[in-house]
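S.K.: Input file: target.cif. Contents: mmCIF, N, CA and C atoms.
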```
data_query
loop_
_atom_site.label_atom_id
_atom_site.label_comp_id
_atom_site.auth_asym_id
_atom_site.auth_seq_id
_atom_site.Cartn_x
_atom_site.Cartn_y
_atom_site.Cartn_z
N GLN A 1 31.07 -75.43 -73.29
CA GLN A 1 31.03 -75.80 -71.88
C GLN A 1 30.59 -74.62 -71.04
N VAL A 2 29.75 -74.89 -70.07
CA VAL A 2 29.24 -73.86 -69.17
C VAL A 2 29.91 -74.02 -67.82
N GLN A 3 30.41 -72.93 -67.29
CA GLN A 3 30.98 -72.94 -65.94
C GLN A 3 30.05 -72.19 -64.99
N LEU A 4 29.88 -72.76 -63.82
CA LEU A 4 29.05 -72.15 -62.78
C LEU A 4 29.91 -71.94 -61.55
N VAL A 5 29.92 -70.72 -61.06
CA VAL A 5 30.73 -70.39 -59.88
C VAL A 5 29.80 -69.88 -58.80
N GLU A 6 29.75 -70.61 -57.69
CA GLU A 6 28.89 -70.24 -56.57
C GLU A 6 29.70 -69.49 -55.52
N SER A 7 29.03 -68.65 -54.78
CA SER A 7 29.66 -67.96 -53.66
C SER A 7 28.58 -67.59 -52.65
N GLY A 8 29.03 -67.23 -51.44
CA GLY A 8 28.12 -66.73 -50.44
C GLY A 8 27.83 -67.67 -49.29
N GLY A 9 28.33 -68.89 -49.34
CA GLY A 9 28.10 -69.81 -48.23
C GLY A 9 28.90 -69.40 -47.01
N GLY A 10 28.65 -70.11 -45.91
CA GLY A 10 29.39 -69.83 -44.69
C GLY A 10 28.71 -70.39 -43.47
N LEU A 11 29.18 -69.93 -42.33
CA LEU A 11 28.65 -70.37 -41.03
C LEU A 11 27.79 -69.25 -40.45
N VAL A 12 26.58 -69.61 -40.04
CA VAL A 12 25.67 -68.62 -39.49
C VAL A 12 24.89 -69.26 -38.35
N GLN A 13 24.46 -68.44 -37.41
CA GLN A 13 23.64 -68.94 -36.31
C GLN A 13 22.18 -69.11 -36.78
N ALA A 14 21.49 -69.98 -36.10
CA ALA A 14 20.07 -70.17 -36.40
C ALA A 14 19.34 -68.83 -36.32
N GLY A 15 18.46 -68.61 -37.29
CA GLY A 15 17.76 -67.34 -37.37
C GLY A 15 18.43 -66.31 -38.24
N GLY A 16 19.66 -66.59 -38.63
CA GLY A 16 20.41 -65.66 -39.45
C GLY A 16 20.09 -65.78 -40.93
N SER A 17 20.84 -65.03 -41.73
CA SER A 17 20.61 -64.97 -43.17
C SER A 17 21.92 -65.13 -43.94
N LEU A 18 21.77 -65.66 -45.14
CA LEU A 18 22.87 -65.73 -46.10
C LEU A 18 22.31 -65.50 -47.49
N ARG A 19 23.15 -65.02 -48.37
CA ARG A 19 22.76 -64.85 -49.77
C ARG A 19 23.77 -65.57 -50.66
N LEU A 20 23.28 -66.54 -51.40
CA LEU A 20 24.12 -67.27 -52.33
C LEU A 20 24.01 -66.66 -53.73
N SER A 21 25.13 -66.71 -54.45
CA SER A 21 25.16 -66.26 -55.84
C SER A 21 25.77 -67.34 -56.70
N CYS A 22 25.32 -67.39 -57.94
CA CYS A 22 25.88 -68.33 -58.90
C CYS A 22 25.94 -67.65 -60.25
N ALA A 23 27.16 -67.50 -60.77
CA ALA A 23 27.36 -66.85 -62.06
C ALA A 23 27.72 -67.89 -63.11
N ALA A 24 27.02 -67.83 -64.22
CA ALA A 24 27.28 -68.75 -65.32
C ALA A 24 28.12 -68.06 -66.39
N SER A 25 29.08 -68.81 -66.93
CA SER A 25 29.93 -68.27 -68.00
C SER A 25 30.29 -69.39 -68.95
N GLY A 26 30.94 -69.01 -70.05
CA GLY A 26 31.37 -70.02 -71.01
C GLY A 26 30.49 -70.03 -72.24
N SER A 27 30.32 -71.21 -72.79
CA SER A 27 29.57 -71.38 -74.03
C SER A 27 28.07 -71.46 -73.74
N ILE A 28 27.52 -70.30 -73.44
CA ILE A 28 26.11 -70.24 -73.07
C ILE A 28 25.30 -69.92 -74.32
N PHE A 29 24.49 -70.87 -74.73
CA PHE A 29 23.60 -70.62 -75.87
C PHE A 29 22.41 -69.83 -75.39
N SER A 30 21.74 -70.35 -74.41
CA SER A 30 20.65 -69.64 -73.74
C SER A 30 20.38 -70.40 -72.44
N ILE A 31 19.96 -69.69 -71.46
CA ILE A 31 19.67 -70.31 -70.17
C ILE A 31 18.17 -70.23 -69.93
N ASN A 32 17.55 -71.35 -69.73
CA ASN A 32 16.14 -71.37 -69.37
C ASN A 32 16.04 -71.34 -67.85
N ALA A 33 15.76 -72.46 -67.25
CA ALA A 33 15.60 -72.49 -65.80
C ALA A 33 16.95 -72.42 -65.09
N MET A 34 16.94 -71.85 -63.91
CA MET A 34 18.11 -71.84 -63.02
C MET A 34 17.62 -72.28 -61.65
N GLY A 35 18.46 -73.00 -60.95
CA GLY A 35 17.98 -73.52 -59.68
C GLY A 35 19.07 -73.77 -58.67
N TRP A 36 18.65 -73.98 -57.46
CA TRP A 36 19.53 -74.33 -56.35
C TRP A 36 19.09 -75.67 -55.77
N TYR A 37 20.07 -76.53 -55.55
CA TYR A 37 19.86 -77.81 -54.90
C TYR A 37 20.75 -77.85 -53.66
N ARG A 38 20.46 -78.78 -52.79
CA ARG A 38 21.33 -78.96 -51.62
C ARG A 38 21.46 -80.44 -51.29
N GLN A 39 22.57 -80.75 -50.67
CA GLN A 39 22.82 -82.12 -50.25
C GLN A 39 23.45 -82.12 -48.87
N ALA A 40 22.73 -82.69 -47.93
CA ALA A 40 23.23 -82.83 -46.57
C ALA A 40 23.94 -84.18 -46.43
N PRO A 41 24.84 -84.32 -45.47
CA PRO A 41 25.55 -85.59 -45.29
C PRO A 41 24.60 -86.77 -45.14
N GLY A 42 24.82 -87.80 -45.93
CA GLY A 42 24.01 -89.00 -45.84
C GLY A 42 22.64 -88.90 -46.50
N LYS A 43 22.39 -87.78 -47.17
CA LYS A 43 21.08 -87.59 -47.81
C LYS A 43 21.24 -87.36 -49.30
N GLN A 44 20.15 -87.55 -50.03
CA GLN A 44 20.17 -87.31 -51.47
C GLN A 44 20.10 -85.81 -51.75
N ARG A 45 20.62 -85.44 -52.92
CA ARG A 45 20.51 -84.06 -53.35
C ARG A 45 19.04 -83.74 -53.60
N GLU A 46 18.60 -82.56 -53.15
CA GLU A 46 17.21 -82.18 -53.31
C GLU A 46 17.10 -80.77 -53.87
N LEU A 47 16.00 -80.55 -54.59
CA LEU A 47 15.74 -79.22 -55.12
C LEU A 47 15.32 -78.28 -53.99
N VAL A 48 15.93 -77.12 -53.95
CA VAL A 48 15.56 -76.10 -52.98
C VAL A 48 14.64 -75.07 -53.62
N ALA A 49 15.06 -74.55 -54.77
CA ALA A 49 14.27 -73.52 -55.45
C ALA A 49 14.71 -73.46 -56.90
N ALA A 50 13.76 -73.05 -57.76
CA ALA A 50 14.06 -72.90 -59.17
C ALA A 50 13.32 -71.70 -59.71
N ILE A 51 13.85 -71.14 -60.80
CA ILE A 51 13.23 -69.99 -61.42
C ILE A 51 13.38 -70.11 -62.93
N THR A 52 12.28 -69.86 -63.64
CA THR A 52 12.32 -69.95 -65.09
C THR A 52 12.85 -68.64 -65.68
N SER A 53 13.07 -68.66 -66.98
CA SER A 53 13.54 -67.45 -67.65
C SER A 53 12.50 -66.33 -67.57
N GLY A 54 11.25 -66.71 -67.40
CA GLY A 54 10.19 -65.72 -67.27
C GLY A 54 9.94 -65.24 -65.86
N GLY A 55 10.66 -65.83 -64.90
CA GLY A 55 10.54 -65.38 -63.52
C GLY A 55 9.62 -66.21 -62.64
N SER A 56 9.03 -67.26 -63.17
CA SER A 56 8.21 -68.13 -62.32
C SER A 56 9.10 -68.92 -61.39
N THR A 57 8.65 -69.06 -60.14
CA THR A 57 9.47 -69.72 -59.13
C THR A 57 8.79 -70.95 -58.54
N ASN A 58 9.63 -71.81 -58.00
CA ASN A 58 9.16 -73.03 -57.36
C ASN A 58 10.07 -73.29 -56.17
N TYR A 59 9.47 -73.65 -55.03
CA TYR A 59 10.25 -73.85 -53.81
C TYR A 59 9.92 -75.19 -53.16
N ALA A 60 10.89 -75.76 -52.50
CA ALA A 60 10.63 -76.90 -51.64
C ALA A 60 9.77 -76.44 -50.47
N ASP A 61 8.89 -77.30 -50.01
CA ASP A 61 8.00 -76.92 -48.91
C ASP A 61 8.79 -76.47 -47.68
N SER A 62 9.93 -77.08 -47.47
CA SER A 62 10.72 -76.80 -46.26
C SER A 62 11.31 -75.40 -46.22
N VAL A 63 11.35 -74.72 -47.37
CA VAL A 63 11.98 -73.40 -47.40
C VAL A 63 11.00 -72.29 -47.78
N LYS A 64 9.78 -72.66 -48.10
CA LYS A 64 8.78 -71.65 -48.50
C LYS A 64 8.61 -70.62 -47.39
N GLY A 65 8.59 -69.35 -47.79
CA GLY A 65 8.43 -68.27 -46.84
C GLY A 65 9.73 -67.81 -46.20
N ARG A 66 10.81 -68.59 -46.39
CA ARG A 66 12.10 -68.22 -45.80
C ARG A 66 13.15 -67.91 -46.87
N PHE A 67 13.10 -68.63 -47.98
CA PHE A 67 14.08 -68.45 -49.05
C PHE A 67 13.45 -67.75 -50.24
N THR A 68 14.24 -66.97 -50.94
CA THR A 68 13.78 -66.31 -52.16
C THR A 68 14.82 -66.47 -53.26
N ILE A 69 14.39 -66.99 -54.40
CA ILE A 69 15.29 -67.14 -55.54
C ILE A 69 15.02 -66.00 -56.52
N SER A 70 16.08 -65.50 -57.12
CA SER A 70 15.95 -64.44 -58.12
C SER A 70 17.08 -64.60 -59.13
N ARG A 71 16.98 -63.87 -60.23
CA ARG A 71 18.01 -63.99 -61.26
C ARG A 71 18.19 -62.66 -61.97
N ASP A 72 19.40 -62.47 -62.49
CA ASP A 72 19.74 -61.32 -63.32
C ASP A 72 20.14 -61.89 -64.67
N ASN A 73 19.24 -61.83 -65.62
CA ASN A 73 19.50 -62.44 -66.92
C ASN A 73 20.66 -61.78 -67.66
N ALA A 74 20.83 -60.49 -67.47
CA ALA A 74 21.93 -59.79 -68.13
C ALA A 74 23.29 -60.28 -67.64
N LYS A 75 23.33 -60.74 -66.40
CA LYS A 75 24.58 -61.22 -65.81
C LYS A 75 24.65 -62.74 -65.75
N ASN A 76 23.62 -63.42 -66.25
CA ASN A 76 23.57 -64.89 -66.18
C ASN A 76 23.83 -65.37 -64.75
N THR A 77 23.19 -64.71 -63.81
CA THR A 77 23.43 -64.98 -62.40
C THR A 77 22.11 -65.29 -61.69
N VAL A 78 22.17 -66.26 -60.81
CA VAL A 78 21.02 -66.60 -59.98
C VAL A 78 21.41 -66.44 -58.51
N TYR A 79 20.46 -66.00 -57.72
CA TYR A 79 20.69 -65.73 -56.31
C TYR A 79 19.71 -66.55 -55.46
N LEU A 80 20.14 -66.79 -54.23
CA LEU A 80 19.25 -67.42 -53.26
C LEU A 80 19.40 -66.67 -51.94
N GLN A 81 18.38 -65.90 -51.60
CA GLN A 81 18.35 -65.21 -50.31
C GLN A 81 17.74 -66.16 -49.29
N MET A 82 18.50 -66.46 -48.25
CA MET A 82 18.06 -67.41 -47.24
C MET A 82 17.91 -66.69 -45.90
N ASN A 83 16.70 -66.61 -45.41
CA ASN A 83 16.42 -65.96 -44.13
C ASN A 83 15.90 -66.99 -43.13
N SER A 84 15.92 -66.61 -41.87
CA SER A 84 15.43 -67.49 -40.80
C SER A 84 16.01 -68.89 -40.92
N LEU A 85 17.30 -68.94 -41.09
CA LEU A 85 17.96 -70.23 -41.30
C LEU A 85 17.84 -71.13 -40.08
N LYS A 86 17.74 -72.43 -40.37
CA LYS A 86 17.61 -73.44 -39.34
C LYS A 86 18.78 -74.43 -39.44
N PRO A 87 19.10 -75.11 -38.37
CA PRO A 87 20.18 -76.11 -38.44
C PRO A 87 19.94 -77.15 -39.54
N GLU A 88 18.71 -77.48 -39.80
CA GLU A 88 18.41 -78.47 -40.84
C GLU A 88 18.63 -77.94 -42.26
N ASP A 89 18.95 -76.67 -42.39
CA ASP A 89 19.33 -76.12 -43.70
C ASP A 89 20.80 -76.37 -44.00
N THR A 90 21.53 -76.88 -43.03
CA THR A 90 22.95 -77.17 -43.23
C THR A 90 23.14 -78.19 -44.34
N ALA A 91 23.94 -77.82 -45.35
CA ALA A 91 24.17 -78.68 -46.51
C ALA A 91 25.16 -78.00 -47.44
N VAL A 92 25.57 -78.74 -48.45
CA VAL A 92 26.29 -78.12 -49.57
C VAL A 92 25.24 -77.72 -50.59
N TYR A 93 25.28 -76.48 -51.00
CA TYR A 93 24.30 -75.94 -51.94
C TYR A 93 24.94 -75.87 -53.33
N TYR A 94 24.20 -76.38 -54.32
CA TYR A 94 24.69 -76.44 -55.69
C TYR A 94 23.77 -75.66 -56.62
N CYS A 95 24.41 -74.99 -57.55
CA CYS A 95 23.69 -74.27 -58.59
C CYS A 95 23.53 -75.19 -59.80
N ASN A 96 22.41 -75.04 -60.48
CA ASN A 96 22.14 -75.82 -61.69
C ASN A 96 21.42 -74.94 -62.70
N VAL A 97 21.78 -75.09 -63.98
CA VAL A 97 21.10 -74.33 -65.02
C VAL A 97 20.66 -75.25 -66.15
N GLU A 98 19.61 -74.85 -66.83
CA GLU A 98 19.11 -75.55 -68.00
C GLU A 98 19.62 -74.82 -69.23
N SER A 99 20.62 -75.41 -69.91
CA SER A 99 21.19 -74.80 -71.10
C SER A 99 21.97 -75.84 -71.87
N PRO A 100 21.62 -76.09 -73.16
CA PRO A 100 20.49 -75.52 -73.89
C PRO A 100 19.16 -76.07 -73.38
N PRO A 101 18.06 -75.69 -73.94
CA PRO A 101 16.75 -76.15 -73.45
C PRO A 101 16.68 -77.67 -73.33
N GLY A 102 16.27 -78.16 -72.16
CA GLY A 102 16.13 -79.58 -71.92
C GLY A 102 17.35 -80.25 -71.32
N TYR A 103 18.47 -79.55 -71.25
CA TYR A 103 19.70 -80.12 -70.69
C TYR A 103 20.00 -79.49 -69.35
N TYR A 104 20.08 -80.35 -68.31
CA TYR A 104 20.29 -79.88 -66.93
C TYR A 104 21.60 -80.40 -66.36
N GLY A 105 22.58 -80.65 -67.20
CA GLY A 105 23.80 -81.29 -66.73
C GLY A 105 24.88 -80.38 -66.20
N HIS A 106 24.61 -79.10 -66.09
CA HIS A 106 25.64 -78.17 -65.60
C HIS A 106 25.45 -77.95 -64.11
N TRP A 107 26.53 -78.19 -63.35
CA TRP A 107 26.52 -78.03 -61.90
C TRP A 107 27.70 -77.20 -61.45
N GLY A 108 27.49 -76.41 -60.42
CA GLY A 108 28.59 -75.71 -59.79
C GLY A 108 29.34 -76.63 -58.86
N GLN A 109 30.40 -76.09 -58.24
CA GLN A 109 31.24 -76.90 -57.36
C GLN A 109 30.64 -77.06 -55.97
N GLY A 110 29.64 -76.27 -55.68
CA GLY A 110 28.98 -76.33 -54.38
C GLY A 110 29.56 -75.34 -53.40
N THR A 111 28.71 -74.87 -52.52
CA THR A 111 29.15 -73.97 -51.45
C THR A 111 28.51 -74.45 -50.14
N GLN A 112 29.33 -74.52 -49.11
CA GLN A 112 28.87 -75.06 -47.83
C GLN A 112 28.10 -74.01 -47.05
N VAL A 113 26.94 -74.41 -46.56
CA VAL A 113 26.16 -73.59 -45.64
C VAL A 113 26.01 -74.37 -44.35
N THR A 114 26.45 -73.77 -43.26
CA THR A 114 26.35 -74.41 -41.95
C THR A 114 25.60 -73.49 -41.01
N VAL A 115 24.54 -74.02 -40.42
CA VAL A 115 23.71 -73.25 -39.49
C VAL A 115 23.85 -73.87 -38.11
N SER A 116 24.36 -73.10 -37.17
CA SER A 116 24.56 -73.60 -35.81
C SER A 116 23.34 -73.27 -34.95
N SER A 117 23.09 -74.14 -34.01
CA SER A 117 21.92 -73.95 -33.14
C SER A 117 22.26 -73.13 -31.92
#
```
Kindly present the structure from the file in structure tokens form.

M.R.:
Amino acid sequence: QVQLVESGGGLVQAGGSLRLSCAASGSIFSINAMGWYRQAPGKQRELVAAITSGGSTNYADSVKGRFTISRDNAKNTVYLQMNSLKPEDTAVYYCNVESPPGYYGHWGQGTQVTVSS
């Protein structure tokens, strides 16, 4: 079993920044992709950003140029640097990892990000 622990959420004013972290532990065979999703009230969960084991990244159009995903493979940790935050970024942010290859069923408990206008 893989455990994912997220941290770094909070309340910030529009234009501010936050950095989310997600540490994976437990029965980790190998971690391929790592990613961040978010879910706002009344909306479906959506992909925010993802990063492969080789460092290739993918971003939702709504966050391109503002968010940066990175990872520390030695620590099994993924980060999401969020700059120029907007009220529409308000959501619960969830970490997700691909481990073993092809399995994406591991989710963190979520961390709330609230951006005030």

S.K.: Find the distance between atom C of A:Asn32 and atom N of A:Tyr103 and write it in Å to one decimal.

M.R.: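 Here the two named atoms are 9.2 Å from each other.
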
S.K.: Name the closest residue to A:Cys95 among the candidates A:Gly8, A:Gly35, A:Gly54, A:Gly65; distances are taken between atoms, counting only N, CA and C atoms.

M.R.: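 Among the listed residues, A:Gly35 lies closest to A:Cys95.
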
S.K.: Taking 2 positions as the minimum chain separation for residues in the same chain, which residues sit within 8 Å of stretch 79-94 of chain A when counting only C-alpha atoms? Answer as a PyMOL selection string.

M.R.: chain A and resi 6+13-22+36-41+66-71+77+96+107-117

S.K.: Among chain A, which residues carry a DSSP assignment of strand (DSSP E or B), reported as number ranges by chain?

M.R.: A: 2-7, 10-13, 18-26, 34-39, 46-51, 57-59, 67-72, 77-82, 91-97, 106-107, 111-116

S.K.: Between atom C of A:Ser99 and atom CA of A:Ala60, measure the distance and give it in Å to one decimal.

M.R.: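 Result for atom C of A:Ser99 versus atom CA of A:Ala60: 23.2 Å, one decimal.
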
S.K.: Do a neighbour search on A:Ala24 at 6 Å with only C-alpha atoms, toss out local chain neighbours closer than 6 positions, and write the hits as a PyMOL selection string.

M.R.: chain A and resi 3-4+76

S.K.: I need the residues in chain A that are helix (DSSP H, G or I) according to DSSP; give them as a list of chain:residue names.

M.R.: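 Reading the DSSP output for chain A, helix (DSSP H, G or I) covers A:Asp61, A:Ser62, A:Val63, A:Asn73, A:Ala74, A:Lys75, A:Pro87, A:Glu88, A:Asp89.
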
S.K.: Considering only C-alpha atoms, can you say which of A:Ala74, A:Val2, A:Val97, A:Val12 comes closest to A:Ser25?

M.R.: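 Ranking A:Ala74, A:Val2, A:Val97, A:Val12 by distance to A:Ser25, first place goes to A:Val2.
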
S.K.: So how far away is atom CA of A:Glu98 from atom CA of A:Ser30, in Å?

M.R.: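 Value for the atom CA of A:Ser30-atom CA of A:Glu98 distance: 8.4 Å.
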
S.K.: Find the residue from A:Leu11, A:Ile31, A:Val5, A:Ala23 that sits nearest to A:Lys75; use only N, CA and C atoms when measuring.

M.R.: A:Ala23

S.K.: Could you list the residues chosen by the PyMOL selection byres (((chain A and resi 27 and name CA) around 6) and name CA) in this structure as a VMD selection string?

M.R.: chain A and resid 1 to 2 26 28

S.K.: Measuring between only N, CA and C atoms, which one of A:Ser53, A:Gly42, A:Tyr59, A:Val48 shows the shortest distance to A:Asn73?

M.R.: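 Smallest separation from A:Asn73 among the options: A:Ser53.
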
S.K.: Take the structure in the block and write a file for stretch 75-97 of chain A, N, CA, C and O atoms, as a PDB file, in the first residue's frame.

M.R.:
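Written file, selection_6.pdb:
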```pdb
ATOM      1  N   LYS A  75      13.423  11.377  -2.586  1.00  0.00           N
ATOM      2  CA  LYS A  75      12.494  11.535  -1.466  1.00  0.00           C
ATOM      3  C   LYS A  75      11.079  11.087  -1.818  1.00  0.00           C
ATOM      4  O   LYS A  75      10.174  11.204  -0.986  1.00  0.00           O
ATOM      5  N   ASN A  76      10.879  10.600  -3.045  1.00  0.00           N
ATOM      6  CA  ASN A  76       9.535  10.213  -3.492  1.00  0.00           C
ATOM      7  C   ASN A  76       8.527  11.334  -3.236  1.00  0.00           C
ATOM      8  O   ASN A  76       7.408  11.097  -2.744  1.00  0.00           O
ATOM      9  N   THR A  77       8.932  12.534  -3.563  1.00  0.00           N
ATOM     10  CA  THR A  77       8.125  13.710  -3.269  1.00  0.00           C
ATOM     11  C   THR A  77       7.894  14.525  -4.538  1.00  0.00           C
ATOM     12  O   THR A  77       8.800  14.679  -5.349  1.00  0.00           O
ATOM     13  N   VAL A  78       6.677  15.025  -4.666  1.00  0.00           N
ATOM     14  CA  VAL A  78       6.336  15.907  -5.773  1.00  0.00           C
ATOM     15  C   VAL A  78       5.872  17.243  -5.209  1.00  0.00           C
ATOM     16  O   VAL A  78       5.249  17.295  -4.144  1.00  0.00           O
ATOM     17  N   TYR A  79       6.201  18.302  -5.919  1.00  0.00           N
ATOM     18  CA  TYR A  79       5.888  19.652  -5.477  1.00  0.00           C
ATOM     19  C   TYR A  79       5.062  20.372  -6.552  1.00  0.00           C
ATOM     20  O   TYR A  79       5.141  20.046  -7.740  1.00  0.00           O
ATOM     21  N   LEU A  80       4.301  21.349  -6.088  1.00  0.00           N
ATOM     22  CA  LEU A  80       3.587  22.217  -7.013  1.00  0.00           C
ATOM     23  C   LEU A  80       3.757  23.656  -6.531  1.00  0.00           C
ATOM     24  O   LEU A  80       3.195  24.028  -5.496  1.00  0.00           O
ATOM     25  N   GLN A  81       4.563  24.412  -7.253  1.00  0.00           N
ATOM     26  CA  GLN A  81       4.734  25.835  -6.957  1.00  0.00           C
ATOM     27  C   GLN A  81       3.649  26.598  -7.700  1.00  0.00           C
ATOM     28  O   GLN A  81       3.568  26.518  -8.931  1.00  0.00           O
ATOM     29  N   MET A  82       2.829  27.312  -6.954  1.00  0.00           N
ATOM     30  CA  MET A  82       1.712  28.035  -7.541  1.00  0.00           C
ATOM     31  C   MET A  82       1.917  29.534  -7.341  1.00  0.00           C
ATOM     32  O   MET A  82       1.943  29.999  -6.193  1.00  0.00           O
ATOM     33  N   ASN A  83       2.091  30.249  -8.423  1.00  0.00           N
ATOM     34  CA  ASN A  83       2.279  31.699  -8.387  1.00  0.00           C
ATOM     35  C   ASN A  83       1.103  32.403  -9.062  1.00  0.00           C
ATOM     36  O   ASN A  83       0.337  31.779  -9.803  1.00  0.00           O
ATOM     37  N   SER A  84       0.992  33.682  -8.816  1.00  0.00           N
ATOM     38  CA  SER A  84      -0.076  34.490  -9.423  1.00  0.00           C
ATOM     39  C   SER A  84      -1.431  33.820  -9.271  1.00  0.00           C
ATOM     40  O   SER A  84      -2.208  33.707 -10.218  1.00  0.00           O
ATOM     41  N   LEU A  85      -1.716  33.402  -8.065  1.00  0.00           N
ATOM     42  CA  LEU A  85      -2.948  32.667  -7.820  1.00  0.00           C
ATOM     43  C   LEU A  85      -4.179  33.535  -8.061  1.00  0.00           C
ATOM     44  O   LEU A  85      -4.172  34.749  -7.808  1.00  0.00           O
ATOM     45  N   LYS A  86      -5.227  32.871  -8.550  1.00  0.00           N
ATOM     46  CA  LYS A  86      -6.482  33.534  -8.856  1.00  0.00           C
ATOM     47  C   LYS A  86      -7.602  32.894  -8.026  1.00  0.00           C
ATOM     48  O   LYS A  86      -7.493  31.725  -7.638  1.00  0.00           O
ATOM     49  N   PRO A  87      -8.676  33.613  -7.799  1.00  0.00           N
ATOM     50  CA  PRO A  87      -9.801  33.017  -7.053  1.00  0.00           C
ATOM     51  C   PRO A  87     -10.294  31.714  -7.686  1.00  0.00           C
ATOM     52  O   PRO A  87     -10.715  30.804  -6.958  1.00  0.00           O
ATOM     53  N   GLU A  88     -10.221  31.602  -8.980  1.00  0.00           N
ATOM     54  CA  GLU A  88     -10.674  30.377  -9.651  1.00  0.00           C
ATOM     55  C   GLU A  88      -9.743  29.186  -9.434  1.00  0.00           C
ATOM     56  O   GLU A  88     -10.069  28.065  -9.832  1.00  0.00           O
ATOM     57  N   ASP A  89      -8.611  29.406  -8.786  1.00  0.00           N
ATOM     58  CA  ASP A  89      -7.734  28.297  -8.402  1.00  0.00           C
ATOM     59  C   ASP A  89      -8.185  27.653  -7.097  1.00  0.00           C
ATOM     60  O   ASP A  89      -7.630  26.625  -6.690  1.00  0.00           O
ATOM     61  N   THR A  90      -9.163  28.250  -6.442  1.00  0.00           N
ATOM     62  CA  THR A  90      -9.676  27.703  -5.189  1.00  0.00           C
ATOM     63  C   THR A  90     -10.243  26.306  -5.405  1.00  0.00           C
ATOM     64  O   THR A  90     -11.102  26.097  -6.270  1.00  0.00           O
ATOM     65  N   ALA A  91      -9.731  25.336  -4.641  1.00  0.00           N
ATOM     66  CA  ALA A  91     -10.145  23.943  -4.784  1.00  0.00           C
ATOM     67  C   ALA A  91      -9.416  23.106  -3.743  1.00  0.00           C
ATOM     68  O   ALA A  91      -8.507  23.597  -3.065  1.00  0.00           O
ATOM     69  N   VAL A  92      -9.818  21.853  -3.653  1.00  0.00           N
ATOM     70  CA  VAL A  92      -9.025  20.874  -2.908  1.00  0.00           C
ATOM     71  C   VAL A  92      -8.051  20.256  -3.906  1.00  0.00           C
ATOM     72  O   VAL A  92      -8.468  19.797  -4.975  1.00  0.00           O
ATOM     73  N   TYR A  93      -6.792  20.267  -3.565  1.00  0.00           N
ATOM     74  CA  TYR A  93      -5.747  19.752  -4.437  1.00  0.00           C
ATOM     75  C   TYR A  93      -5.330  18.362  -3.950  1.00  0.00           C
ATOM     76  O   TYR A  93      -5.045  18.164  -2.762  1.00  0.00           O
ATOM     77  N   TYR A  94      -5.270  17.423  -4.898  1.00  0.00           N
ATOM     78  CA  TYR A  94      -4.947  16.038  -4.590  1.00  0.00           C
ATOM     79  C   TYR A  94      -3.692  15.601  -5.343  1.00  0.00           C
ATOM     80  O   TYR A  94      -3.500  15.939  -6.513  1.00  0.00           O
ATOM     81  N   CYS A  95      -2.893  14.830  -4.643  1.00  0.00           N
ATOM     82  CA  CYS A  95      -1.707  14.234  -5.228  1.00  0.00           C
ATOM     83  C   CYS A  95      -2.070  12.846  -5.763  1.00  0.00           C
ATOM     84  O   CYS A  95      -2.893  12.135  -5.164  1.00  0.00           O
ATOM     85  N   ASN A  96      -1.436  12.475  -6.860  1.00  0.00           N
ATOM     86  CA  ASN A  96      -1.655  11.158  -7.457  1.00  0.00           C
ATOM     87  C   ASN A  96      -0.331  10.635  -7.999  1.00  0.00           C
ATOM     88  O   ASN A  96       0.467  11.404  -8.530  1.00  0.00           O
ATOM     89  N   VAL A  97      -0.089   9.332  -7.829  1.00  0.00           N
ATOM     90  CA  VAL A  97       1.129   8.741  -8.373  1.00  0.00           C
ATOM     91  C   VAL A  97       0.799   7.483  -9.161  1.00  0.00           C
ATOM     92  O   VAL A  97      -0.181   6.787  -8.869  1.00  0.00           O
TER      93      VAL A  97
END
```
